[in-house]
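Novice: Input: one structure, supplied below.
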Amino acid sequence: MLPVLTRAQMQQVDRETIDGLGLPGAVLMESAGRAVVQAIRDCPDTSGCRRPVILCGKGNNGGDGFVVARYLLPFSRHNFPEVFLCGTLQELQGDALTMARVAVKCGVRVIELDEEKLHLLAPALSEADLVVDALLGSGSSGAPRGLIARVIEMLGEYQAPVVAVDCPSGVDMDTGAVPGATVYSAVTVTFGFEKIGHRLYPGRSHCGKIIVADIGFPELALAKVNCQVFVSESSDISHRLPLREKDSHKGDYGRLLVLGGSTGLTGAPVMACETALACGAGLVTAGVPASLNPIFEMKLTEAMSRPFFDNGTGYLQPESLPEIEEFLGNIDVLALGPGLGRDEGTVRLVLELASKVKIPAVIDADGLNALARDLSKLSLFSGPVVITPHPGEMSRLSGLTIPQIKASPVETARDFSARLGVVVLLKGAPSVVAEPGGRVILNPTGGPALAKGGSGDVLTGAIAALLAQGMGAFDAAFCGAYLHGRAGDMAAESLGEYSVLASDITAFLPPAIQEVRGGLE
């Protein structure tokens, strides 16, 4: 797993490296600048640059920019690179001042900007074939102000590709927020570790390609930070997927009940069932309203159906509780919610069912909407629980507004998970998976192709299948999210992101699993 740091954690890593371990800041700054230049030389859109312009602030990010300018000097044409410093050389301090002095001695031209000299920037930007953004690093917060804001606004008027040093100036690295003028970069070179703002939108859309450069931060410094936010990788999934023994049988891979379905929503439990089978569950049953069972007999082939009392309404009713409870006695995992509907009788059933469930459960869609009526019922589930809300469902569960949830998805998921003792998979870009102990996984897969009705039902089936095969709740949630997103990506590559259906995601889950397992399936 790749650690993802907050602004304060990154500052602590800096302090531990420089003050605690004695590695000089100037050495780190030199390595950072060289890493940016290497990224520029490696990128097809910037490798041939001859007229680079470097925009520097007065902090350490600007110091990195002076190193970049010095290393680009041999590749540049007459009068380039030009460094535009938002301030004066006399205002620089520490390592940034050291690097500025070295750059000047090497022949780098520095223009000290103020409001009166700002007009000098426009001609340089119009000629530039590369702009390096070294204005504000990941330590900055709030909207850019004054001269730097004006420079960012001017930069937006020109077409040269931008390489951002550490982060695009103006993006909040704790939240991904863009509260004011913000740089759009083609490439962002960050140092040591990604920050949360690199992963969360809208900041992610400003970063372009993200390159994480190793500039010498030791593992010991990271260990002292107590990082709890990570990005999952393919290897994390492959190491957790259950092995299938040669002499195994269907009962070894779990018995799953998908409880859902209602008038007009019969497709949802079908997709969840089919996905669960595609992800390896051994026996899958759709628990459905009895009056709709003939529909499910037609739709389901590999999965079974089990009709429960609905009094002819097309919605599961509280009177079916005893037979559902009895059926759960032979089930390993419950998936509750796909297509369940919001009939008042169904809501009462869900609330009464909570205390009867002794096995792991995945709760989605209208299962969550029912529990939003009385959140205390979540604590009555005896087994581990994974909930998979989208922001609208999370709003109903938490009382937060959708804008509040989207602005702080990591904190929202983590706080809700800790408060209620469940694994929370908050859907979004990226999806955020949190467990009660505080650990959070940001899912790196998936895209706009997943924005289609039924995608959530597929996710529920994937997670439930992994639970049924013995995975823990947190592992099943983030592994299911990864495979679901990767299948969506593969479907989009094949069909185009406009045309992917939820059933296509299910169809691409087998190759996604094969890819993760290294083609050894």
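Every chain in the structure tokens has a letter given in the order shown (A, B, ...), and although residue numbers restart at 1 in each chain, ligands are simply numbered from 1 in the order shown.
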Please, which residues of stretch 290-436 of chain A, numbered as in this document, come out strand (DSSP E) from DSSP, as number ranges by chain?
Specialist: A: 304-308, 333-336, 361-363, 385-387, 423-426, 432-434
Novice: Residues near stretch 242-255 of chain A, anyone? I mean within 7 Å using only C-alpha atoms, not counting same-chain ones fewer than 6 positions away, as a list in words.
Specialist: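 After dropping sequence-adjacent residues, the list is Gly280, Ala281, Gly282, Leu283, Val284, Ile331, Asp332, Val333, Ala468 and Gln469 of chain A.
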Novice: Extract, using only C-alpha atoms, all DNA, RNA and protein residues at most 10 Å from A:Thr301, discarding same-chain residues fewer than 5 positions from it, and format them as a compact mmCIF listing (two decimals) with N, CA and C atoms, in the first residue's frame.
Specialist:
```txt
# COMPACT_ATOMS: atom_id res chain seq x y z
N VAL A 270 -30.39 -9.39 -9.19
CA VAL A 270 -29.84 -10.29 -10.20
C VAL A 270 -28.39 -9.92 -10.49
N GLU A 274 -25.15 -12.34 -9.86
CA GLU A 274 -24.26 -12.74 -10.96
C GLU A 274 -22.82 -12.29 -10.69
N PHE A 296 -37.77 -13.79 -11.28
CA PHE A 296 -36.41 -14.20 -10.94
C PHE A 296 -36.09 -15.60 -11.45
```
Novice: Find the residues around A:Leu340 up to 12 Å (only C-alpha atoms counted), leave out those fewer than 4 positions away in its own chain, and share them as number ranges by chain.
Specialist: A: 258-270, 286-289, 310, 314-317, 335-336, 344-347, 349-350, 363-370, 457
Novice: Mind dumping the selected residues with C-alpha atoms as a PDB file, in the first residue's frame?
Specialist:
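See result06.pdb below for the written result:
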```pdb
ATOM      1  CA  VAL A 258     -28.812 -11.416  -1.585  1.00  0.00           C
ATOM      2  CA  LEU A 259     -31.958 -10.055   0.041  1.00  0.00           C
ATOM      3  CA  GLY A 260     -33.700  -7.512  -2.139  1.00  0.00           C
ATOM      4  CA  GLY A 261     -35.818  -6.940  -5.180  1.00  0.00           C
ATOM      5  CA  SER A 262     -39.146  -5.166  -5.497  1.00  0.00           C
ATOM      6  CA  THR A 263     -41.570  -4.072  -8.186  1.00  0.00           C
ATOM      7  CA  GLY A 264     -39.575  -2.244 -10.874  1.00  0.00           C
ATOM      8  CA  LEU A 265     -36.238  -3.154  -9.281  1.00  0.00           C
ATOM      9  CA  THR A 266     -35.793  -6.833 -10.059  1.00  0.00           C
ATOM     10  CA  GLY A 267     -32.540  -6.269 -11.964  1.00  0.00           C
ATOM     11  CA  ALA A 268     -30.565  -5.095  -8.928  1.00  0.00           C
ATOM     12  CA  PRO A 269     -30.426  -8.369  -6.958  1.00  0.00           C
ATOM     13  CA  VAL A 270     -29.837 -10.287 -10.202  1.00  0.00           C
ATOM     14  CA  ALA A 286     -31.626 -14.239  -4.287  1.00  0.00           C
ATOM     15  CA  GLY A 287     -34.122 -13.754  -1.464  1.00  0.00           C
ATOM     16  CA  VAL A 288     -37.031 -12.003  -3.164  1.00  0.00           C
ATOM     17  CA  PRO A 289     -40.710 -11.105  -2.790  1.00  0.00           C
ATOM     18  CA  ASP A 310     -44.799 -10.255   0.425  1.00  0.00           C
ATOM     19  CA  GLY A 314     -44.084  -6.918  -4.644  1.00  0.00           C
ATOM     20  CA  TYR A 315     -42.175  -5.816  -1.511  1.00  0.00           C
ATOM     21  CA  LEU A 316     -40.770  -7.948   1.297  1.00  0.00           C
ATOM     22  CA  GLN A 317     -42.920  -7.625   4.427  1.00  0.00           C
ATOM     23  CA  ALA A 335     -26.083  -8.829   1.126  1.00  0.00           C
ATOM     24  CA  LEU A 336     -28.963  -6.566   2.064  1.00  0.00           C
ATOM     25  CA  GLU A 344     -42.985   0.997   4.784  1.00  0.00           C
ATOM     26  CA  GLY A 345     -43.386  -2.702   5.430  1.00  0.00           C
ATOM     27  CA  THR A 346     -39.955  -3.386   3.956  1.00  0.00           C
ATOM     28  CA  VAL A 347     -38.416  -0.682   6.151  1.00  0.00           C
ATOM     29  CA  LEU A 349     -38.581  -5.688   8.097  1.00  0.00           C
ATOM     30  CA  VAL A 350     -35.023  -4.326   7.799  1.00  0.00           C
ATOM     31  CA  ILE A 363     -25.628  -3.302   3.330  1.00  0.00           C
ATOM     32  CA  ASP A 364     -26.342  -1.052   0.375  1.00  0.00           C
ATOM     33  CA  ALA A 365     -29.005   1.072  -1.275  1.00  0.00           C
ATOM     34  CA  ASP A 366     -32.442   0.791   0.306  1.00  0.00           C
ATOM     35  CA  GLY A 367     -31.036  -1.327   3.115  1.00  0.00           C
ATOM     36  CA  LEU A 368     -29.147   1.812   4.160  1.00  0.00           C
ATOM     37  CA  ASN A 369     -32.126   4.063   3.561  1.00  0.00           C
ATOM     38  CA  ALA A 370     -34.169   1.893   5.909  1.00  0.00           C
ATOM     39  CA  ASP A 457     -25.274  -3.553  -7.053  1.00  0.00           C
TER      40      ASP A 457
END
```
Novice: Tell me, which residues of stretch 172-266 of chain A carry DSSP alpha helix (DSSP H), written as a PyMOL selection string?
Specialist: chain A and resi 196-199+204-207+219-223+234-238
Novice: Only N, CA and C atoms, please: the residues just picked out, written as a PDB file, in the first residue's frame.
Specialist:
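Written output follows (part26.pdb):
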```pdb
ATOM      1  N   ILE A 196      -2.920  13.856   0.418  1.00  0.00           N
ATOM      2  CA  ILE A 196      -4.334  13.561   0.217  1.00  0.00           C
ATOM      3  C   ILE A 196      -4.913  14.400  -0.916  1.00  0.00           C
ATOM      4  N   GLY A 197      -4.496  15.655  -1.018  1.00  0.00           N
ATOM      5  CA  GLY A 197      -5.017  16.535  -2.055  1.00  0.00           C
ATOM      6  C   GLY A 197      -4.667  16.122  -3.470  1.00  0.00           C
ATOM      7  N   HIS A 198      -3.639  15.284  -3.611  1.00  0.00           N
ATOM      8  CA  HIS A 198      -3.325  14.749  -4.941  1.00  0.00           C
ATOM      9  C   HIS A 198      -4.390  13.766  -5.407  1.00  0.00           C
ATOM     10  N   ARG A 199      -5.096  13.163  -4.464  1.00  0.00           N
ATOM     11  CA  ARG A 199      -6.033  12.090  -4.775  1.00  0.00           C
ATOM     12  C   ARG A 199      -7.489  12.533  -4.817  1.00  0.00           C
ATOM     13  N   ARG A 204      -7.438  16.782  -7.707  1.00  0.00           N
ATOM     14  CA  ARG A 204      -6.853  15.769  -8.589  1.00  0.00           C
ATOM     15  C   ARG A 204      -6.891  16.203 -10.053  1.00  0.00           C
ATOM     16  N   SER A 205      -7.937  16.910 -10.455  1.00  0.00           N
ATOM     17  CA  SER A 205      -8.058  17.317 -11.858  1.00  0.00           C
ATOM     18  C   SER A 205      -7.049  18.394 -12.229  1.00  0.00           C
ATOM     19  N   HIS A 206      -6.399  19.000 -11.255  1.00  0.00           N
ATOM     20  CA  HIS A 206      -5.379  20.018 -11.519  1.00  0.00           C
ATOM     21  C   HIS A 206      -3.975  19.418 -11.607  1.00  0.00           C
ATOM     22  N   CYS A 207      -3.818  18.146 -11.241  1.00  0.00           N
ATOM     23  CA  CYS A 207      -2.476  17.574 -11.075  1.00  0.00           C
ATOM     24  C   CYS A 207      -1.897  16.960 -12.342  1.00  0.00           C
ATOM     25  N   GLU A 219      12.705   5.475   5.672  1.00  0.00           N
ATOM     26  CA  GLU A 219      11.529   4.803   6.216  1.00  0.00           C
ATOM     27  C   GLU A 219      11.329   5.150   7.691  1.00  0.00           C
ATOM     28  N   LEU A 220      12.412   5.364   8.404  1.00  0.00           N
ATOM     29  CA  LEU A 220      12.316   5.692   9.825  1.00  0.00           C
ATOM     30  C   LEU A 220      11.511   6.969  10.049  1.00  0.00           C
ATOM     31  N   ALA A 221      11.686   7.946   9.165  1.00  0.00           N
ATOM     32  CA  ALA A 221      10.942   9.198   9.300  1.00  0.00           C
ATOM     33  C   ALA A 221       9.463   8.977   9.074  1.00  0.00           C
ATOM     34  N   LEU A 222       9.109   8.133   8.091  1.00  0.00           N
ATOM     35  CA  LEU A 222       7.701   7.845   7.828  1.00  0.00           C
ATOM     36  C   LEU A 222       7.081   7.089   8.996  1.00  0.00           C
ATOM     37  N   ALA A 223       7.840   6.179   9.599  1.00  0.00           N
ATOM     38  CA  ALA A 223       7.306   5.363  10.684  1.00  0.00           C
ATOM     39  C   ALA A 223       6.850   6.208  11.864  1.00  0.00           C
ATOM     40  N   SER A 234      -2.302  -3.206  -6.856  1.00  0.00           N
ATOM     41  CA  SER A 234      -2.681  -4.529  -7.356  1.00  0.00           C
ATOM     42  C   SER A 234      -2.129  -5.638  -6.476  1.00  0.00           C
ATOM     43  N   SER A 235      -0.893  -5.482  -6.001  1.00  0.00           N
ATOM     44  CA  SER A 235      -0.282  -6.519  -5.171  1.00  0.00           C
ATOM     45  C   SER A 235      -1.029  -6.700  -3.855  1.00  0.00           C
ATOM     46  N   ASP A 236      -1.626  -5.632  -3.337  1.00  0.00           N
ATOM     47  CA  ASP A 236      -2.406  -5.755  -2.100  1.00  0.00           C
ATOM     48  C   ASP A 236      -3.613  -6.651  -2.308  1.00  0.00           C
ATOM     49  N   ILE A 237      -4.168  -6.623  -3.513  1.00  0.00           N
ATOM     50  CA  ILE A 237      -5.336  -7.439  -3.811  1.00  0.00           C
ATOM     51  C   ILE A 237      -4.916  -8.890  -4.035  1.00  0.00           C
ATOM     52  N   SER A 238      -3.880  -9.088  -4.832  1.00  0.00           N
ATOM     53  CA  SER A 238      -3.472 -10.457  -5.169  1.00  0.00           C
ATOM     54  C   SER A 238      -3.058 -11.240  -3.936  1.00  0.00           C
TER      55      SER A 238
END
```
Novice: Go through stretch 8-40 of chain A residue by residue and, counting only C-alpha atoms, keep those with an atom at most 9 Å from stretch 181-194 of chain A; for each kept residue give the shortest atom pair and its distance in Å to one decimal, ordered by chain and increasing number, as CSV.
Specialist:
```
residue,atom,partner,partner_atom,distance
A:Met10,CA,A:Phe193,CA,8.1
A:Ala32,CA,A:Phe191,CA,6.8
A:Ala35,CA,A:Val189,CA,7.7
A:Val36,CA,A:Val189,CA,6.1
A:Ala39,CA,A:Val189,CA,7.4
A:Ile40,CA,A:Val187,CA,8.5
```
Novice: Residues of the last selection are to be written out with C-alpha atoms, as a short mmCIF file (atom, residue, chain, number, x, y, z; two decimals), in the first residue's frame.
Specialist:
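Dumped everything to part_38.cif:
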```cif
data_model
loop_
_atom_site.label_atom_id
_atom_site.label_comp_id
_atom_site.auth_asym_id
_atom_site.auth_seq_id
_atom_site.Cartn_x
_atom_site.Cartn_y
_atom_site.Cartn_z
CA MET A 10 4.67 15.71 5.47
CA ALA A 32 13.89 17.45 -5.46
CA ALA A 35 13.82 14.86 -9.84
CA VAL A 36 11.66 17.53 -11.45
CA ALA A 39 10.53 14.17 -15.10
CA ILE A 40 10.69 17.02 -17.61
#
```
Novice: Name the residues in contact with A:Ile148 at a cut-off of 8 Å, using only C-alpha atoms, excluding same-chain residues fewer than 6 positions from it; report them as a list of chain:residue names.
Specialist: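 Here the qualifying residues turn out to be A:Gly57, A:Cys86, A:Leu135.
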Novice: Restricted to N, CA and C atoms, what would the selected residues look like written as a CSV table (one decimal), in the first residue's frame?
Specialist:
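And here is the file that came out, again-v5.csv:
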```
chain,number,residue,atom,x,y,z
A,57,GLY,N,8.1,31.0,-5.7
A,57,GLY,CA,7.7,31.7,-4.5
A,57,GLY,C,8.9,31.9,-3.6
A,86,CYS,N,8.4,35.8,-7.1
A,86,CYS,CA,7.3,36.6,-6.5
A,86,CYS,C,7.9,37.2,-5.2
A,135,LEU,N,5.6,27.9,-7.1
A,135,LEU,CA,5.1,29.1,-6.3
A,135,LEU,C,4.7,28.7,-4.9
```
